[in-house]
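**Q** Encoded as C-alpha cells, here's the structure I'll be asking about.
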There are 2 protein chains.
Amino acid sequence: MTFDIRFVAKVMDYSQGTDKMSNNKKVDPRIIRTKRMFKEALISLLEENYDKSKLTVQSIADRAELNRATFYLHYRDIEDLMEQIIDEILMEMYNTISPMNEEQTSTGKWNRTGSRLIPFLEHIQQHAGLYNVMLENRDFRKRVFAIILEIVSLWEENRKARGRTFKVANEIIVSSTLGIVTWWLEEGTPYSSNYLADQIIKLV
Amino acid sequence: MTFDIRFVAKVMDYSQGTDKMSNNKKVDPRIIRTKRMFKEALISLLEENYDKSKLTVQSIADRAELNRATFYLHYRDIEDLMEQIIDEILMEMYNTISPMNEEQTSTGKWNRTGSRLIPFLEHIQQHAGLYNVMLENRDFRKRVFAIILEIVSLWEENRKARGRTFKVANEIIVSSTLGIVTWWLEEGTPYSSNYLADQIIKLV
DNA sequence: TTATTAATTGATACAGTGTCAATAAAATAG
DNA sequence: CTATTTTATTGACACTGTATCAATTAATAA
C-alpha cells in the first residue's frame with residue numbers, strides 16, 4: 001500500500017512523552033538509532049516535497065540507509081511511523097502555548113489576549129516544511145484545531161473578565177486562524193510570525 | 001499506484017465548458033455514457049467516505065459497472081478522472097458568484113458586501129460530501145482560494161467606494177474564510193449557509 | 001446491412017506490500 | 001573476554017494493484 005497522507009494519530013495525550021517511557025529498563029541503542037534514522041528519513045523526504053504518491057517504504061529505508069525489512073521490525077506501515085512523528089511534534093507544539101512554570105503564569109503575561117499566539121506561530125515556522133505537508137491530513141488538522149482552541153479559549157476568558165466579548169463563535173475564530181496558518185505555510189511563510197499574529201488578532 | 005488525493009488540475013480556465021467542446025462532430029453516445037458512469041462512480045465513492053487509500057481503478061470500475069480496461073480507454077489514471085470532475089465542479093462554483101445577466105449587475109444587489117457569499121456557500125453545501133474530500137488537496141484549495149479572492153476583491157472595491165477599508169490584508173480574509181468553510185464541511189455543515197455567511201461578514 | 005468504433009476479456013510485465021527463515025552483526029550479562 | 005541474547009540484513013515469497021495488449025463481442029452510424 002502506498003502512502004496517502006492519512007497518518008492518523010488516535011489518542012491525544014500530551015501528558016506522556018515518547019522519548020523515555022516511564023519504565024526504566026534499558027532500550028537497546030540499536031533500536032533508538034534505527035527509529036531515529038527512520039523518523040529523520042521520513043521528515044527529510046516530506047520537507048523536500050518528495051512526491052507523496054511515490055513515497056514508499058523502500059524510499060524511506062534508502063534515505064535512512066537501512067534495510068526495508070528493518071522498517072517492518074519497528075513499524076506496521078508508513079502511517080504508523082507518521083503517527084509517532086506526529087505525536088512528538090504536537091507535544092512540542094503544545095508546549096509552546098503552555099506556561100512552563102509558576103513564574104510565567106503569575107506575571108500575567110501569558111494571559112494577555114494573543115500572547116500565546118507568537119510562540120505558537122514561531123514553532124510552526126521552525127517546522128514549516130513538515131507542517132505544510134501534515135496539515136493536509138484531516139486528523140492532524142483536528143489536533144492542531146484543539147490546540148488553537150485552547151489559545152482562543154484563554155483569550156475569551158481574559159476578555160470576559162474585562163467585560164468584553166468576541167463578535168463571533170470560538171469555532172469560527174479557530175477555524176479562520178487555522179485557515180490563515182495553512183495559507184501562510186503554503187505560500188512559504190511570507191510574513192513574519194509577529195506580523196501574522198497581529199493580523200489574526202486584528203481580525204478577532 | 002494507489003490514489004492519494006493529489007488530483008491536480010493545472011489550468012484554471014472557467015471560460016470553456018467541458019460538456020460540449022467547440023467542435024461539433026457528434027460524440028459516440030457510448031463514450032458519453034461511459035464517462036458519466038466513471039465520474040458518478042468516483043463521486044459516489046468519495047461522498048460516502050470510502051477509504052481513500054483503498055480507492056483503486058477496480059473499485060471505481062466496479063461501482064460504474066464497467067470493465068477496468070475501459071477506464072484506461074478514457075483516463076490516464078485516477079487523478080486524470082479527478083481533474084475532469086474538478087474542472088466541472090469548479091466551473092459550477094464560479095457561476096454561483098458571477099452575475100448571470102445585465103439585469104442583476106445593474107440592480108446593484110450583486111455589489112453589496114457579502115452578497116455573493118450566500119449562493120457560494122449554498123453551492124458548497126449542496127456538494128458538501130465532495131468538497132469535504134476535495135479540499136484536502138492543495139491545488140484544489142488554491143483554485144477555491146482564487147474564487148473567494150474574487151468575492152473579497154469585489155467587497156473591497158465596494159467598501160473603498162464608500163470610503164471604508166478592511167482592517168487586514170485580503171489574503172488574510174480569503175484564507176480565514178477558506179478555513180471556516182473547511183471546518184464547516186468537516187463538521188458536516190452544522191450551521192446554515194446564511195448563519196455562516198453572517199459570521200464571516202462579522203469577522204471582516 | 002455493413003463498416004466503424006467502443007467495450008470486454010484474458011494475458012502480461014511491473015512495482016510495491018508485508019511476512020518469513022536463515023544468517024550476520026552488535027550489545028549486554030556473566 | 002566470551003557466551004548469550006537481541007537486532008539488522010538478506011533473499012525469497014505470495015499478494016494486490018497498475019498499466020498495457022491483442023483478440024473478441026457489442027453497439028452505433030451511414
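By convention here, the chains of the C-alpha cells are called A, B, ... in the order presented, each chain's residues are numbered starting at 1, and ligands are numbered starting at 1 in the order presented.
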For chain A, which residues have at least one atom within 9 Å of chain C, if we go by only C-alpha atoms (C1' of nucleotides)? Write them as a list in words, please.

**A** Met1, Thr2, Asp28, Pro29, Arg30, Thr56, Val57, Gln58, Tyr72, Arg76 and Asp77 of chain A

**Q** Hey, what's within 9 Å of Leu178 of chain A if we count only C-alpha atoms (C1' of nucleotides) and toss same-chain stuff fewer than 2 positions away? As a PDB file with N, CA and C atoms, in the first residue's frame, please?

**A**
```
ATOM      1  N   ARG A 141      -5.043  18.025  11.397  1.00  0.00           N
ATOM      2  CA  ARG A 141      -5.659  19.341  11.478  1.00  0.00           C
ATOM      3  C   ARG A 141      -6.576  19.433  12.691  1.00  0.00           C
ATOM      4  N   VAL A 144      -4.470  20.050  15.727  1.00  0.00           N
ATOM      5  CA  VAL A 144      -3.981  21.429  15.778  1.00  0.00           C
ATOM      6  C   VAL A 144      -5.142  22.355  16.138  1.00  0.00           C
ATOM      7  N   PHE A 145      -6.304  22.061  15.589  1.00  0.00           N
ATOM      8  CA  PHE A 145      -7.519  22.825  15.915  1.00  0.00           C
ATOM      9  C   PHE A 145      -7.723  22.856  17.426  1.00  0.00           C
ATOM     10  N   ILE A 148      -5.286  25.260  19.057  1.00  0.00           N
ATOM     11  CA  ILE A 148      -5.653  26.662  18.826  1.00  0.00           C
ATOM     12  C   ILE A 148      -6.890  27.019  19.654  1.00  0.00           C
ATOM     13  N   ILE A 173     -13.418  31.576  15.029  1.00  0.00           N
ATOM     14  CA  ILE A 173     -12.088  32.173  15.228  1.00  0.00           C
ATOM     15  C   ILE A 173     -11.001  31.133  15.018  1.00  0.00           C
ATOM     16  N   VAL A 174     -11.211  29.958  15.592  1.00  0.00           N
ATOM     17  CA  VAL A 174     -10.200  28.911  15.489  1.00  0.00           C
ATOM     18  C   VAL A 174     -10.026  28.454  14.042  1.00  0.00           C
ATOM     19  N   SER A 175     -11.141  28.191  13.378  1.00  0.00           N
ATOM     20  CA  SER A 175     -11.023  27.676  12.012  1.00  0.00           C
ATOM     21  C   SER A 175     -10.449  28.720  11.070  1.00  0.00           C
ATOM     22  N   SER A 176     -10.745  29.987  11.306  1.00  0.00           N
ATOM     23  CA  SER A 176     -10.169  31.000  10.433  1.00  0.00           C
ATOM     24  C   SER A 176      -8.678  31.136  10.710  1.00  0.00           C
ATOM     25  N   ILE A 180      -5.697  30.652   8.028  1.00  0.00           N
ATOM     26  CA  ILE A 180      -4.633  31.628   7.779  1.00  0.00           C
ATOM     27  C   ILE A 180      -3.269  30.954   7.885  1.00  0.00           C
ATOM     28  N   VAL A 181      -3.091  30.154   8.921  1.00  0.00           N
ATOM     29  CA  VAL A 181      -1.810  29.456   9.114  1.00  0.00           C
ATOM     30  C   VAL A 181      -1.523  28.519   7.940  1.00  0.00           C
ATOM     31  N   THR A 182      -2.551  27.812   7.513  1.00  0.00           N
ATOM     32  CA  THR A 182      -2.395  26.891   6.378  1.00  0.00           C
ATOM     33  C   THR A 182      -1.944  27.646   5.129  1.00  0.00           C
ATOM     34  N   TRP A 183      -2.610  28.749   4.872  1.00  0.00           N
ATOM     35  CA  TRP A 183      -2.245  29.573   3.709  1.00  0.00           C
ATOM     36  C   TRP A 183      -0.816  30.093   3.851  1.00  0.00           C
TER      37      TRP A 183
ATOM     38  N   SER B 175      -8.043  33.511   3.239  1.00  0.00           N
ATOM     39  CA  SER B 175      -7.581  32.262   3.851  1.00  0.00           C
ATOM     40  C   SER B 175      -8.393  31.919   5.093  1.00  0.00           C
ATOM     41  N   SER B 176      -8.825  32.940   5.843  1.00  0.00           N
ATOM     42  CA  SER B 176      -9.642  32.629   7.016  1.00  0.00           C
ATOM     43  C   SER B 176     -11.026  32.144   6.592  1.00  0.00           C
ATOM     44  N   GLY B 179     -10.642  28.660   5.650  1.00  0.00           N
ATOM     45  CA  GLY B 179     -10.501  27.857   6.860  1.00  0.00           C
ATOM     46  C   GLY B 179     -11.846  27.573   7.504  1.00  0.00           C
ATOM     47  N   ILE B 180     -12.688  28.590   7.540  1.00  0.00           N
ATOM     48  CA  ILE B 180     -14.019  28.433   8.139  1.00  0.00           C
ATOM     49  C   ILE B 180     -14.851  27.446   7.324  1.00  0.00           C
TER      50      ILE B 180
END
```

**Q** Let me make sure I understand: among B:Asn95, B:Ser53, B:Ser192, B:Gln126, which one has the smallest atom-to-atom distance to chain D if we use only C-alpha atoms (C1' of nucleotides)?

**A**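 Ranked by minimum distance to chain D, first place goes to B:Ser53.
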
**Q** With distances taken over only C-alpha atoms (C1' of nucleotides), which of D:DC13, D:DA29, D:DA8, D:DC1 is nearest to chain B?

**A**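 Smallest separation from chain B among the options: D:DA29.
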
**Q** What separation in Å, quoted to one decimal, exists between atom CA of Glu122 of chain A and atom CA of Ser193 of chain A?

**A**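 Those two atoms sit 5.9 Å apart.
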
**Q** Pull out every residue of chain A that has at least one atom within 12 Å of chain B, counting only C-alpha atoms, and report them as a PyMOL selection string.

**A** chain A and resi 1-7+51-56+79+132-142+145+166-187+190-191+195-204

**Q** Restricted to C-alpha atoms, what would the selected residues look like written as a PDB file, in the first residue's frame?

**A**
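The resulting file, out.pdb, is reproduced below:
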```pdb
ATOM      1  CA  MET A   1       0.000   0.000   0.000  1.00  0.00           C
ATOM      2  CA  THR A   2       1.445   3.363  -0.938  1.00  0.00           C
ATOM      3  CA  PHE A   3       1.432   6.383   1.285  1.00  0.00           C
ATOM      4  CA  ASP A   4      -1.653   8.550   1.202  1.00  0.00           C
ATOM      5  CA  ILE A   5      -1.152  11.164   3.924  1.00  0.00           C
ATOM      6  CA  ARG A   6      -3.721   9.659   6.200  1.00  0.00           C
ATOM      7  CA  PHE A   7      -1.187   9.375   9.036  1.00  0.00           C
ATOM      8  CA  ASP A  51       6.116  13.385  -4.254  1.00  0.00           C
ATOM      9  CA  LYS A  52       3.841  11.869  -1.636  1.00  0.00           C
ATOM     10  CA  SER A  53       2.300   9.404  -4.061  1.00  0.00           C
ATOM     11  CA  LYS A  54       5.765   7.991  -4.731  1.00  0.00           C
ATOM     12  CA  LEU A  55       6.700   7.711  -1.078  1.00  0.00           C
ATOM     13  CA  THR A  56       7.395   4.030  -0.417  1.00  0.00           C
ATOM     14  CA  GLU A  79       1.207   5.618   8.690  1.00  0.00           C
ATOM     15  CA  ASN A 132       2.927  22.383   5.431  1.00  0.00           C
ATOM     16  CA  VAL A 133       2.656  18.722   4.463  1.00  0.00           C
ATOM     17  CA  MET A 134       0.965  17.428   7.592  1.00  0.00           C
ATOM     18  CA  LEU A 135      -1.829  19.986   7.673  1.00  0.00           C
ATOM     19  CA  GLU A 136      -3.214  18.292   4.572  1.00  0.00           C
ATOM     20  CA  ASN A 137      -4.288  15.499   6.863  1.00  0.00           C
ATOM     21  CA  ARG A 138      -7.684  15.776   8.449  1.00  0.00           C
ATOM     22  CA  ASP A 139      -6.831  14.183  11.769  1.00  0.00           C
ATOM     23  CA  PHE A 140      -3.680  16.191  12.178  1.00  0.00           C
ATOM     24  CA  ARG A 141      -5.659  19.341  11.478  1.00  0.00           C
ATOM     25  CA  LYS A 142      -8.193  18.342  14.123  1.00  0.00           C
ATOM     26  CA  PHE A 145      -7.519  22.825  15.915  1.00  0.00           C
ATOM     27  CA  PHE A 166     -15.960  38.166  20.786  1.00  0.00           C
ATOM     28  CA  LYS A 167     -18.227  39.080  17.898  1.00  0.00           C
ATOM     29  CA  VAL A 168     -18.242  35.518  16.535  1.00  0.00           C
ATOM     30  CA  ALA A 169     -18.218  31.949  17.863  1.00  0.00           C
ATOM     31  CA  ASN A 170     -14.939  30.477  19.070  1.00  0.00           C
ATOM     32  CA  GLU A 171     -15.080  27.785  16.398  1.00  0.00           C
ATOM     33  CA  ILE A 172     -15.138  30.485  13.757  1.00  0.00           C
ATOM     34  CA  ILE A 173     -12.088  32.173  15.228  1.00  0.00           C
ATOM     35  CA  VAL A 174     -10.200  28.911  15.489  1.00  0.00           C
ATOM     36  CA  SER A 175     -11.023  27.676  12.012  1.00  0.00           C
ATOM     37  CA  SER A 176     -10.169  31.000  10.433  1.00  0.00           C
ATOM     38  CA  THR A 177      -6.860  31.073  12.298  1.00  0.00           C
ATOM     39  CA  LEU A 178      -6.119  27.587  11.067  1.00  0.00           C
ATOM     40  CA  GLY A 179      -7.019  28.686   7.550  1.00  0.00           C
ATOM     41  CA  ILE A 180      -4.633  31.628   7.779  1.00  0.00           C
ATOM     42  CA  VAL A 181      -1.810  29.456   9.114  1.00  0.00           C
ATOM     43  CA  THR A 182      -2.395  26.891   6.378  1.00  0.00           C
ATOM     44  CA  TRP A 183      -2.245  29.573   3.709  1.00  0.00           C
ATOM     45  CA  TRP A 184       0.840  31.109   5.324  1.00  0.00           C
ATOM     46  CA  LEU A 185       2.654  27.782   5.119  1.00  0.00           C
ATOM     47  CA  GLU A 186       1.509  27.069   1.574  1.00  0.00           C
ATOM     48  CA  GLU A 187       2.967  30.400   0.484  1.00  0.00           C
ATOM     49  CA  PRO A 190       5.923  35.159   3.505  1.00  0.00           C
ATOM     50  CA  TYR A 191       5.158  37.246   6.619  1.00  0.00           C
ATOM     51  CA  TYR A 195       3.007  40.337  11.643  1.00  0.00           C
ATOM     52  CA  LEU A 196       0.797  37.295  11.175  1.00  0.00           C
ATOM     53  CA  ALA A 197      -0.131  37.264  14.859  1.00  0.00           C
ATOM     54  CA  ASP A 198      -1.023  40.930  14.525  1.00  0.00           C
ATOM     55  CA  GLN A 199      -3.285  40.266  11.553  1.00  0.00           C
ATOM     56  CA  ILE A 200      -5.008  37.410  13.340  1.00  0.00           C
ATOM     57  CA  ILE A 201      -5.624  39.484  16.452  1.00  0.00           C
ATOM     58  CA  LYS A 202      -6.923  42.400  14.369  1.00  0.00           C
ATOM     59  CA  LEU A 203      -9.389  40.024  12.780  1.00  0.00           C
ATOM     60  CA  VAL A 204     -10.760  38.852  16.117  1.00  0.00           C
TER      61      VAL A 204
END
```

**Q** May I have a table of the residues of chain D lying at most 10 Å from chain A, giving each one's closest pair of atoms and their distance in Å to one decimal, counting only C-alpha atoms (C1' of nucleotides), ordered by chain and ascending residue number, as a Markdown table?

**A**
```
| residue | atom | partner | partner_atom | distance |
| --- | --- | --- | --- | --- |
| D:DT6 | C1' | A:Asp28 | CA | 8.3 |
| D:DT7 | C1' | A:Arg30 | CA | 7.0 |
| D:DA8 | C1' | A:Thr70 | CA | 6.5 |
| D:DT9 | C1' | A:Asn67 | CA | 6.7 |
| D:DT10 | C1' | A:Asn67 | CA | 9.0 |
| D:DT16 | C1' | A:Met1 | CA | 8.6 |
| D:DG17 | C1' | A:Met1 | CA | 8.9 |
```

**Q** Would you write out those residues with C-alpha atoms (C1' of nucleotides), as an mmCIF file, in the first residue's frame?

**A**
```
data_model
loop_
_atom_site.group_PDB
_atom_site.id
_atom_site.type_symbol
_atom_site.label_atom_id
_atom_site.label_comp_id
_atom_site.auth_asym_id
_atom_site.auth_seq_id
_atom_site.Cartn_x
_atom_site.Cartn_y
_atom_site.Cartn_z
ATOM 1 C "C1'" DT D 6 18.889 -9.301 20.583
ATOM 2 C "C1'" DT D 7 18.762 -6.664 16.371
ATOM 3 C "C1'" DA D 8 19.701 -5.982 11.421
ATOM 4 C "C1'" DT D 9 20.345 -7.878 6.864
ATOM 5 C "C1'" DT D 10 19.450 -10.767 3.009
ATOM 6 C "C1'" DT D 16 -2.528 -6.697 -4.683
ATOM 7 C "C1'" DG D 17 -2.778 -3.174 -7.852
#
```

**Q** So which residues of segment 57-201 of chain B fall under alpha helix (DSSP H) by DSSP, listed as number ranges by chain?

**A** B: 57-64, 68-74, 78-97, 102-107, 117-126, 128-134, 138-161, 170-186, 193-201

**Q** Suppose you want the space between atom CA of Glu92 of chain B and atom CA of Lys39 of chain B; what is it in Å?

**A**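 According to the coordinates, atom CA of Glu92 of chain B and atom CA of Lys39 of chain B are separated by 15.5 Å.
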
**Q** Rounded to one decimal in Å, what is the spacing between atom CA of Glu156 of chain B and atom CA of Thr96 of chain B?

**A**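 Interatomic distance here is 18.9 Å.
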
**Q** Compile the contact shell of Ile147 of chain B as a VMD selection string: residues with an atom at most 9 Å away, counting only C-alpha atoms (C1' of nucleotides), same-chain residues fewer than 2 positions apart removed.

**A** chain B and resid 90 93 to 94 97 142 to 145 149 to 152
